[in-house]
Amino acid sequence: MSLWKRLFGMLAVLSLILIGAGSSASAAPRGSWNDFSCRPSVDHPRPVILVHGTFANSTNNWLVLAPYLADRGYCVFSLDYGQSPDVPFIHGLGPIDKSAEQLKAFVGRVLSATGAAKVDIVGHSQGGMMPRYYLKFLGGATKVNALVGVAPNNHGTTVLGLTRLLPYFPGVEDLINTHTPAVADQLAGSDFMRRLNAGGDTVPGVKYTVIATRYDGVVTPYRSQFLNGLNVRNVLLQNLCPVDLSEHMAIGMVDLIAFHEVANALDPVSATPTSCTSIFD
């Protein structure tokens, strides 16, 4: 996909968001999140925890989705994880198994504050995959009802084949391993990926949804994002809206069509069909 098509796709999505936001601005105020006094409602009994991606943080990844869900009556929370002492503001850099321990602690804090029995988790990129480690190895399956991954790196990425070039550049791989271990963990064939997916992609008792875009240039090939196992729903964004050209960042940060499908995954009983007009819902 050409650079111009990618830019056009992002501009198109942003334009649709502005139209949709303008049509609903008078209907309700923008919702807030990380309000630990929030109590889940009967309609939405589980808090939603948003898990950002690599090189992101608990705010900038969720400037659209967090209020989108809060406006719909959810108690919404987000955390920073994988911090590096040498890098301010952007996170998701540390070893993924350690980041999963941070998620475990945050889930416990949210459950304690809200009185809920379980949470739902929505994550973008690394944030859609890292919780699987928590579910599989850290007891998270008893605390989580559903995991919704938006462009999740579930089986490792080839980054459009660039990882095959690493052996030709001595020292680069060691630099990645030392300063951004989360990046090394996410490469196709890494020790972390092999351990995460050994014995199956899923654990019993948790519902899984994956929302992917065919134009993803970060987690490649895009079909590697899809999961196998029970209670799994794999969704390709372009099957819902063929003209949606969102790439890896747009689908997780600004795409209201994808976010409508997130809402459906969180509340399947009240789900409505997702289409190109879902920005107006």
# chains A, B, ... in the order shown; residues from 1 in each chain; ligands from 1
>>> select_by_dssp(residues="segment 131-278 of chain A", states="strand (DSSP E or B)", output="list of chain:residue names")
A:Val144, A:Asn145, A:Ala146, A:Leu147, A:Val148, A:Gly149, A:Val150, A:Thr157, A:Leu187, A:Lys207, A:Tyr208, A:Thr209, A:Val210, A:Ile211, A:Ala212, A:Val232, A:Arg233, A:Asn234, A:Val235, A:Leu236
>>> closest_atom_pairs(of="segment 151-235 of chain A", to="segment 253-274 of chain A", cutoff="12 Å", atoms="only C-alpha atoms", output="CSV")
residue,atom,partner,partner_atom,distance
A:Ala151,CA,A:Ala258,CA,10.3
A:Lys207,CA,A:Ala265,CA,8.9
A:Tyr208,CA,A:Ala265,CA,8.6
A:Thr209,CA,A:Ala265,CA,6.8
A:Val210,CA,A:Val262,CA,9.2
A:Ile211,CA,A:Ala258,CA,7.2
A:Ala212,CA,A:Ala258,CA,8.8
A:Thr213,CA,A:Ala258,CA,9.4
A:Asn231,CA,A:Ala265,CA,11.6
A:Val232,CA,A:Ala265,CA,10.8
A:Arg233,CA,A:Ala265,CA,9.0
A:Asn234,CA,A:Ala265,CA,10.9
A:Val235,CA,A:Glu261,CA,8.8
>>> atom_distance(atom1="atom CA of Asp80 of chain A", atom2="atom CA of Lys118 of chain A")
20.1 Å
>>> select_by_dssp(residues="segment 40-115 of chain A", states="alpha helix (DSSP H)", output="JSON, numbers by chain")
{"A": [65, 66, 67, 68, 69, 70, 96, 97, 98, 99, 100, 101, 102, 103, 104, 105, 106, 107, 108, 109, 110, 111, 112, 113, 114]}
>>> write_last_selection(atoms="N, CA and C atoms", output="PDB file, in the first residue's frame")
ATOM      1  N   LEU A  65     -11.041   6.442  22.317  1.00  0.00           N
ATOM      2  CA  LEU A  65     -11.780   5.267  22.790  1.00  0.00           C
ATOM      3  C   LEU A  65     -12.221   5.391  24.236  1.00  0.00           C
ATOM      4  N   ALA A  66     -11.390   5.959  25.113  1.00  0.00           N
ATOM      5  CA  ALA A  66     -11.771   6.046  26.528  1.00  0.00           C
ATOM      6  C   ALA A  66     -13.061   6.849  26.717  1.00  0.00           C
ATOM      7  N   PRO A  67     -13.170   8.071  26.190  1.00  0.00           N
ATOM      8  CA  PRO A  67     -14.446   8.785  26.325  1.00  0.00           C
ATOM      9  C   PRO A  67     -15.581   8.124  25.558  1.00  0.00           C
ATOM     10  N   TYR A  68     -15.264   7.475  24.445  1.00  0.00           N
ATOM     11  CA  TYR A  68     -16.280   6.752  23.668  1.00  0.00           C
ATOM     12  C   TYR A  68     -16.975   5.705  24.547  1.00  0.00           C
ATOM     13  N   LEU A  69     -16.194   4.960  25.318  1.00  0.00           N
ATOM     14  CA  LEU A  69     -16.770   3.940  26.199  1.00  0.00           C
ATOM     15  C   LEU A  69     -17.381   4.550  27.454  1.00  0.00           C
ATOM     16  N   ALA A  70     -16.724   5.559  28.014  1.00  0.00           N
ATOM     17  CA  ALA A  70     -17.265   6.204  29.217  1.00  0.00           C
ATOM     18  C   ALA A  70     -18.614   6.840  28.925  1.00  0.00           C
ATOM     19  N   ILE A  96       8.050  -8.057  28.389  1.00  0.00           N
ATOM     20  CA  ILE A  96       6.597  -8.189  28.410  1.00  0.00           C
ATOM     21  C   ILE A  96       6.109  -8.990  29.605  1.00  0.00           C
ATOM     22  N   ASP A  97       6.875  -9.967  30.061  1.00  0.00           N
ATOM     23  CA  ASP A  97       6.428 -10.719  31.232  1.00  0.00           C
ATOM     24  C   ASP A  97       6.365  -9.819  32.469  1.00  0.00           C
ATOM     25  N   LYS A  98       7.276  -8.865  32.577  1.00  0.00           N
ATOM     26  CA  LYS A  98       7.239  -7.923  33.695  1.00  0.00           C
ATOM     27  C   LYS A  98       6.075  -6.950  33.545  1.00  0.00           C
ATOM     28  N   SER A  99       5.778  -6.551  32.312  1.00  0.00           N
ATOM     29  CA  SER A  99       4.630  -5.680  32.078  1.00  0.00           C
ATOM     30  C   SER A  99       3.329  -6.375  32.468  1.00  0.00           C
ATOM     31  N   ALA A 100       3.257  -7.681  32.223  1.00  0.00           N
ATOM     32  CA  ALA A 100       2.070  -8.438  32.606  1.00  0.00           C
ATOM     33  C   ALA A 100       1.882  -8.442  34.116  1.00  0.00           C
ATOM     34  N   GLU A 101       2.977  -8.427  34.861  1.00  0.00           N
ATOM     35  CA  GLU A 101       2.871  -8.329  36.317  1.00  0.00           C
ATOM     36  C   GLU A 101       2.299  -6.974  36.734  1.00  0.00           C
ATOM     37  N   GLN A 102       2.659  -5.915  36.006  1.00  0.00           N
ATOM     38  CA  GLN A 102       2.080  -4.601  36.288  1.00  0.00           C
ATOM     39  C   GLN A 102       0.587  -4.601  35.990  1.00  0.00           C
ATOM     40  N   LEU A 103       0.199  -5.258  34.911  1.00  0.00           N
ATOM     41  CA  LEU A 103      -1.228  -5.360  34.593  1.00  0.00           C
ATOM     42  C   LEU A 103      -1.966  -6.122  35.686  1.00  0.00           C
ATOM     43  N   LYS A 104      -1.376  -7.192  36.173  1.00  0.00           N
ATOM     44  CA  LYS A 104      -2.013  -7.964  37.248  1.00  0.00           C
ATOM     45  C   LYS A 104      -2.287  -7.084  38.462  1.00  0.00           C
ATOM     46  N   ALA A 105      -1.310  -6.287  38.853  1.00  0.00           N
ATOM     47  CA  ALA A 105      -1.488  -5.406  40.004  1.00  0.00           C
ATOM     48  C   ALA A 105      -2.566  -4.365  39.741  1.00  0.00           C
ATOM     49  N   PHE A 106      -2.612  -3.847  38.528  1.00  0.00           N
ATOM     50  CA  PHE A 106      -3.606  -2.824  38.200  1.00  0.00           C
ATOM     51  C   PHE A 106      -5.013  -3.410  38.179  1.00  0.00           C
ATOM     52  N   VAL A 107      -5.171  -4.609  37.646  1.00  0.00           N
ATOM     53  CA  VAL A 107      -6.475  -5.270  37.673  1.00  0.00           C
ATOM     54  C   VAL A 107      -6.949  -5.439  39.112  1.00  0.00           C
ATOM     55  N   GLY A 108      -6.047  -5.863  39.991  1.00  0.00           N
ATOM     56  CA  GLY A 108      -6.407  -6.004  41.394  1.00  0.00           C
ATOM     57  C   GLY A 108      -6.858  -4.688  42.003  1.00  0.00           C
ATOM     58  N   ARG A 109      -6.176  -3.603  41.651  1.00  0.00           N
ATOM     59  CA  ARG A 109      -6.554  -2.284  42.167  1.00  0.00           C
ATOM     60  C   ARG A 109      -7.939  -1.882  41.671  1.00  0.00           C
ATOM     61  N   VAL A 110      -8.218  -2.111  40.396  1.00  0.00           N
ATOM     62  CA  VAL A 110      -9.519  -1.739  39.833  1.00  0.00           C
ATOM     63  C   VAL A 110     -10.639  -2.563  40.456  1.00  0.00           C
ATOM     64  N   LEU A 111     -10.418  -3.860  40.597  1.00  0.00           N
ATOM     65  CA  LEU A 111     -11.451  -4.705  41.205  1.00  0.00           C
ATOM     66  C   LEU A 111     -11.715  -4.294  42.643  1.00  0.00           C
ATOM     67  N   SER A 112     -10.670  -3.981  43.381  1.00  0.00           N
ATOM     68  CA  SER A 112     -10.843  -3.561  44.767  1.00  0.00           C
ATOM     69  C   SER A 112     -11.623  -2.253  44.860  1.00  0.00           C
ATOM     70  N   ALA A 113     -11.321  -1.311  43.975  1.00  0.00           N
ATOM     71  CA  ALA A 113     -11.970   0.001  44.025  1.00  0.00           C
ATOM     72  C   ALA A 113     -13.420  -0.053  43.589  1.00  0.00           C
ATOM     73  N   THR A 114     -13.720  -0.873  42.577  1.00  0.00           N
ATOM     74  CA  THR A 114     -15.066  -0.875  42.001  1.00  0.00           C
ATOM     75  C   THR A 114     -15.988  -1.918  42.610  1.00  0.00           C
TER      76      THR A 114
END
>>> residues_around(residues="His124 of chain A", least_positions_apart="5", cutoff="7 Å", atoms="only C-alpha atoms", output="PyMOL selection string")
chain A and resi 51-53+149-152+252
>>> write_last_selection(atoms="N, CA, C and O atoms", output="short mmCIF file (atom, residue, chain, number, x, y, z; two decimals), in the first residue's frame")
data_model
loop_
_atom_site.label_atom_id
_atom_site.label_comp_id
_atom_site.auth_asym_id
_atom_site.auth_seq_id
_atom_site.Cartn_x
_atom_site.Cartn_y
_atom_site.Cartn_z
N VAL A 51 -5.29 -1.03 27.60
CA VAL A 51 -3.86 -1.34 27.68
C VAL A 51 -3.19 -0.82 26.41
O VAL A 51 -3.45 -1.32 25.31
N HIS A 52 -2.35 0.19 26.56
CA HIS A 52 -1.74 0.86 25.41
C HIS A 52 -0.71 -0.03 24.71
O HIS A 52 -0.31 -1.09 25.21
N GLY A 53 -0.23 0.44 23.58
CA GLY A 53 0.75 -0.31 22.80
C GLY A 53 2.18 0.15 23.06
O GLY A 53 2.45 0.98 23.94
N GLY A 149 -8.53 -7.48 21.47
CA GLY A 149 -7.27 -7.01 20.94
C GLY A 149 -7.49 -6.27 19.63
O GLY A 149 -8.09 -6.81 18.69
N VAL A 150 -7.05 -5.02 19.57
CA VAL A 150 -7.13 -4.22 18.35
C VAL A 150 -5.73 -4.18 17.73
O VAL A 150 -4.81 -3.63 18.32
N ALA A 151 -5.58 -4.79 16.57
CA ALA A 151 -4.27 -4.94 15.93
C ALA A 151 -3.25 -5.54 16.87
O ALA A 151 -2.14 -5.04 17.02
N PRO A 152 -3.58 -6.65 17.55
CA PRO A 152 -2.66 -7.23 18.53
C PRO A 152 -1.54 -8.04 17.87
O PRO A 152 -1.75 -8.70 16.85
N GLY A 252 -6.30 1.65 16.17
CA GLY A 252 -6.30 1.58 17.63
C GLY A 252 -6.52 2.90 18.32
O GLY A 252 -6.83 2.93 19.52
#
>>> closest_atom_pairs(of="segment 112-215 of chain A", to="segment 72-75 of chain A", cutoff="12 Å", atoms="only C-alpha atoms", output="Markdown table")
| residue | atom | partner | partner_atom | distance |
| --- | --- | --- | --- | --- |
| A:Ala113 | CA | A:Cys75 | CA | 11.0 |
| A:Thr114 | CA | A:Cys75 | CA | 8.7 |
| A:Gly115 | CA | A:Cys75 | CA | 11.7 |
| A:Ala116 | CA | A:Cys75 | CA | 10.5 |
| A:Val119 | CA | A:Cys75 | CA | 9.9 |
| A:Asp120 | CA | A:Cys75 | CA | 10.4 |
| A:Ile121 | CA | A:Cys75 | CA | 11.8 |
>>> atom_distance(atom1="atom CA of Thr178 of chain A", atom2="atom CA of Asn197 of chain A")
23.5 Å
>>> atom_distance(atom1="atom CA of Leu147 of chain A", atom2="atom CA of Pro88 of chain A")
28.0 Å
>>> residues_around(residues="Val183 of chain A", least_positions_apart="2", cutoff="12 Å", atoms="only C-alpha atoms", output="short mmCIF file (atom, residue, chain, number, x, y, z; two decimals) with N, CA, C and O atoms, in the first residue's frame")
data_model
loop_
_atom_site.label_atom_id
_atom_site.label_comp_id
_atom_site.auth_asym_id
_atom_site.auth_seq_id
_atom_site.Cartn_x
_atom_site.Cartn_y
_atom_site.Cartn_z
N GLY A 53 -0.23 0.44 23.58
CA GLY A 53 0.75 -0.31 22.80
C GLY A 53 2.18 0.15 23.06
O GLY A 53 2.45 0.98 23.94
N THR A 54 3.10 -0.40 22.30
CA THR A 54 4.51 -0.04 22.40
C THR A 54 4.71 1.42 21.97
O THR A 54 4.07 1.89 21.04
N PHE A 55 5.60 2.13 22.66
CA PHE A 55 5.89 3.53 22.38
C PHE A 55 4.68 4.43 22.58
O PHE A 55 4.56 5.48 21.94
N GLY A 82 5.58 -1.01 31.40
CA GLY A 82 6.79 -1.18 30.60
C GLY A 82 7.62 0.09 30.51
O GLY A 82 8.25 0.37 29.48
N HIS A 91 5.93 4.45 26.77
CA HIS A 91 6.12 3.24 27.56
C HIS A 91 5.88 1.99 26.70
O HIS A 91 5.91 2.06 25.49
N GLY A 92 5.67 0.87 27.37
CA GLY A 92 5.55 -0.39 26.65
C GLY A 92 6.87 -0.86 26.09
O GLY A 92 6.92 -1.53 25.06
N LEU A 93 7.96 -0.54 26.80
CA LEU A 93 9.31 -0.85 26.31
C LEU A 93 9.96 -2.01 27.04
O LEU A 93 10.85 -2.66 26.50
N GLY A 94 9.54 -2.28 28.27
CA GLY A 94 10.20 -3.27 29.09
C GLY A 94 9.82 -4.70 28.74
O GLY A 94 8.95 -4.93 27.89
N PRO A 95 10.47 -5.69 29.37
CA PRO A 95 10.14 -7.09 29.12
C PRO A 95 8.66 -7.34 29.31
O PRO A 95 8.06 -6.90 30.30
N ILE A 96 8.05 -8.06 28.39
CA ILE A 96 6.60 -8.19 28.41
C ILE A 96 6.11 -8.99 29.60
O ILE A 96 5.04 -8.72 30.15
N SER A 125 -2.27 -3.24 19.87
CA SER A 125 -0.94 -3.68 19.51
C SER A 125 -0.35 -4.57 20.62
O SER A 125 -0.97 -5.58 20.96
N GLN A 126 0.80 -4.22 21.19
CA GLN A 126 1.32 -5.01 22.31
C GLN A 126 0.28 -5.13 23.42
O GLN A 126 0.19 -6.17 24.08
N ASN A 153 -0.38 -8.00 18.48
CA ASN A 153 0.78 -8.75 17.96
C ASN A 153 0.79 -10.13 18.59
O ASN A 153 1.66 -10.46 19.41
N GLY A 156 3.85 -12.61 16.90
CA GLY A 156 5.12 -12.04 16.49
C GLY A 156 5.02 -11.41 15.11
O GLY A 156 4.27 -11.86 14.25
N THR A 157 5.78 -10.36 14.91
CA THR A 157 5.75 -9.64 13.64
C THR A 157 7.06 -9.77 12.90
O THR A 157 8.14 -9.84 13.51
N THR A 158 6.97 -9.79 11.58
CA THR A 158 8.14 -9.74 10.73
C THR A 158 8.46 -8.29 10.35
O THR A 158 9.46 -8.04 9.68
N VAL A 159 7.59 -7.35 10.74
CA VAL A 159 7.71 -5.94 10.37
C VAL A 159 8.00 -5.85 8.87
O VAL A 159 9.00 -5.29 8.43
N THR A 163 12.80 -7.90 9.86
CA THR A 163 13.55 -8.68 10.85
C THR A 163 14.54 -9.63 10.18
O THR A 163 15.51 -10.05 10.80
N GLU A 173 20.69 -6.02 16.74
CA GLU A 173 19.82 -6.91 17.51
C GLU A 173 20.13 -6.80 19.00
O GLU A 173 19.22 -6.78 19.85
N ASP A 174 21.41 -6.72 19.36
CA ASP A 174 21.80 -6.55 20.77
C ASP A 174 21.29 -5.22 21.32
O ASP A 174 20.87 -5.14 22.48
N LEU A 175 21.31 -4.17 20.50
CA LEU A 175 20.81 -2.86 20.92
C LEU A 175 19.33 -2.92 21.23
O LEU A 175 18.87 -2.38 22.25
N ILE A 176 18.57 -3.60 20.38
CA ILE A 176 17.13 -3.74 20.60
C ILE A 176 16.87 -4.53 21.88
O ILE A 176 16.03 -4.15 22.71
N ASN A 177 17.59 -5.62 22.07
CA ASN A 177 17.39 -6.47 23.24
C ASN A 177 17.70 -5.71 24.53
O ASN A 177 17.03 -5.90 25.56
N THR A 178 18.71 -4.84 24.50
CA THR A 178 19.14 -4.14 25.71
C THR A 178 18.24 -2.99 26.07
O THR A 178 17.85 -2.82 27.24
N HIS A 179 17.85 -2.17 25.11
CA HIS A 179 17.15 -0.92 25.40
C HIS A 179 15.64 -1.00 25.20
O HIS A 179 14.91 -0.21 25.82
N THR A 180 15.18 -1.89 24.35
CA THR A 180 13.73 -2.03 24.16
C THR A 180 13.39 -3.52 24.11
O THR A 180 13.02 -4.05 23.05
N PRO A 181 13.50 -4.20 25.24
CA PRO A 181 13.25 -5.65 25.23
C PRO A 181 11.85 -6.02 24.76
O PRO A 181 11.66 -7.12 24.22
N ASP A 185 10.93 -9.01 22.22
CA ASP A 185 9.94 -10.03 22.57
C ASP A 185 8.88 -10.20 21.49
O ASP A 185 8.31 -11.29 21.34
N GLN A 186 8.60 -9.13 20.75
CA GLN A 186 7.49 -9.15 19.80
C GLN A 186 7.87 -9.60 18.40
O GLN A 186 7.01 -9.70 17.53
N LEU A 187 9.14 -9.88 18.18
CA LEU A 187 9.54 -10.34 16.86
C LEU A 187 9.13 -11.79 16.64
O LEU A 187 9.13 -12.61 17.56
N ALA A 188 8.75 -12.09 15.43
CA ALA A 188 8.35 -13.46 15.09
C ALA A 188 9.49 -14.42 15.42
O ALA A 188 10.64 -14.18 15.07
N SER A 190 10.57 -15.19 18.46
CA SER A 190 11.28 -14.89 19.70
C SER A 190 10.97 -15.94 20.76
O SER A 190 9.94 -16.63 20.70
N PHE A 192 10.01 -15.36 23.73
CA PHE A 192 8.77 -14.97 24.40
C PHE A 192 7.55 -15.45 23.61
O PHE A 192 6.61 -16.00 24.18
N MET A 193 7.56 -15.25 22.30
CA MET A 193 6.42 -15.64 21.48
C MET A 193 6.22 -17.15 21.50
O MET A 193 5.09 -17.64 21.54
N VAL A 218 2.69 -2.75 10.68
CA VAL A 218 3.54 -2.95 11.86
C VAL A 218 3.49 -4.40 12.31
O VAL A 218 4.53 -5.03 12.50
N VAL A 219 2.30 -4.93 12.50
CA VAL A 219 2.15 -6.35 12.85
C VAL A 219 1.86 -7.10 11.56
O VAL A 219 0.73 -7.10 11.06
#
